[in-house]
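Asks: Okay, handing you the structure first.
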Amino acid sequence: MRWLKLCAKRNRCFLEAVEEMTMNDVPQPLEEKPNQPDIAAPSALPPEEIDRLTDDIIAALKTVYDPEIPSDIYELGLIYRVDIDDARNVAIDMTLTAPGCPVAGEMPGWVENAVSLVAGVQSVKVSMVFDPPWDQSRMSDEARVALDMW
């Protein structure tokens with residue numbers, strides 16, 4: 001049985017296959033850590049397909065830019081969660097750099113449009129979340145370089 005988890009590595013969300021487990025294996029409780037991902041139920045999708053979808057979804061997210069900031073929303077750390085179910089429906093939780101962002105009403109649509117173009121994706125649902133609030137620590141090194149924020 002394969003277990004999936006949503007990982008955050010320098011604020012980059014991606015799905016990764018976790019070690020092979022047998023039916024006799026009992027998952028151990030996870031140590032509490034900030035931004036610790038949840039372990040999801042086993043997937044019927046082959047690991048190679050999950051990897052391909054994950055890479056293509058990340059590439060699609062990297063085409064969406066906040067018009068006021070010269071860095072894509074993925075590198076800015078605005079994507080909090082990406083979940084792909086067995087039917088290839090994608091659920092995304094995202095935030096904004098500030099709740100009063102002028103494109104708050106439009107950006108979820110941009111994300112939905114970009115991800116819906118990924119081959120194999122059946123549907124996309126984008127939810128706007130503000131907990132936890134975004135801060136600069138969520139930005140990748142690539143975004144910091146682009147914004148000259150060292």
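All residue names refer to the structure tokens as shown: chains lettered A, B, ... in order, residues numbered from 1 in each chain, ligands numbered from 1 in order.
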Produce a table with one row for each residue of stretch 64-108 of chain A that has an atom at most 9 Å from any atom of stretch 125-139 of chain A, each row naming the nearest atom pair and its distance in Å at one decimal; use only C-alpha atoms; arrange rows by chain and rising residue number; format as a tab-separated table.
Replies:
residue	atom	partner	partner_atom	distance
A:Tyr74	CA	A:Met139	CA	8.5
A:Glu75	CA	A:Met139	CA	5.8
A:Leu76	CA	A:Met139	CA	4.4
A:Gly77	CA	A:Arg138	CA	4.9
A:Leu78	CA	A:Trp134	CA	7.2
A:Tyr80	CA	A:Val129	CA	8.5
A:Asn89	CA	A:Lys125	CA	8.0
A:Val90	CA	A:Lys125	CA	6.3
A:Ala91	CA	A:Lys125	CA	4.9
A:Ile92	CA	A:Val126	CA	4.8
A:Asp93	CA	A:Ser127	CA	4.9
A:Met94	CA	A:Met128	CA	5.2
A:Thr95	CA	A:Val129	CA	5.2
A:Leu96	CA	A:Trp134	CA	6.8
A:Thr97	CA	A:Trp134	CA	5.8
A:Ala98	CA	A:Trp134	CA	7.5
A:Pro99	CA	A:Phe130	CA	7.4
A:Ala104	CA	A:Met128	CA	8.7
A:Pro108	CA	A:Val126	CA	5.9
Asks: Just the selected residues (C-alpha atoms), exported as a PDB file, in the first residue's frame, please.
Replies:
ATOM      1  CA  TYR A  74       4.331  29.285  -6.055  1.00  0.00           C
ATOM      2  CA  GLU A  75       7.761  30.739  -5.228  1.00  0.00           C
ATOM      3  CA  LEU A  76       6.112  33.435  -3.102  1.00  0.00           C
ATOM      4  CA  GLY A  77       4.692  30.646  -0.924  1.00  0.00           C
ATOM      5  CA  LEU A  78       1.059  31.549  -1.600  1.00  0.00           C
ATOM      6  CA  TYR A  80      -0.591  26.151   1.006  1.00  0.00           C
ATOM      7  CA  ASN A  89      -9.775  16.328  -9.169  1.00  0.00           C
ATOM      8  CA  VAL A  90      -7.426  18.946  -7.740  1.00  0.00           C
ATOM      9  CA  ALA A  91      -8.142  20.983  -4.601  1.00  0.00           C
ATOM     10  CA  ILE A  92      -5.860  23.933  -3.869  1.00  0.00           C
ATOM     11  CA  ASP A  93      -5.669  26.114  -0.759  1.00  0.00           C
ATOM     12  CA  MET A  94      -3.944  29.401  -1.389  1.00  0.00           C
ATOM     13  CA  THR A  95      -3.533  32.752   0.271  1.00  0.00           C
ATOM     14  CA  LEU A  96      -2.529  36.290  -0.628  1.00  0.00           C
ATOM     15  CA  THR A  97       0.319  38.460   0.557  1.00  0.00           C
ATOM     16  CA  ALA A  98      -2.355  40.659   2.182  1.00  0.00           C
ATOM     17  CA  PRO A  99      -6.115  40.126   2.617  1.00  0.00           C
ATOM     18  CA  ALA A 104      -8.066  38.907  -4.410  1.00  0.00           C
ATOM     19  CA  PRO A 108      -8.170  32.133  -7.621  1.00  0.00           C
TER      20      PRO A 108
END
Asks: What's around stretch 111-120 of chain A at 10 Å? Count only C-alpha atoms, leave out sequence neighbours fewer than 6 positions away in its own chain, and write the answer as a count of residues only.
Replies: 26
Asks: For atom CA of A:Asp66 and atom CA of A:Ser123, quote the distance in Å rounded to one decimal.
Replies: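 Separation between atom CA of A:Asp66 and atom CA of A:Ser123: 23.0 Å.
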Asks: For A:Glu142, which of A:Gln122, A:Arg81, A:Asp72, A:Gly100 is the closest residue, counting only C-alpha atoms?
Replies: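 Nearest to A:Glu142: A:Asp72.
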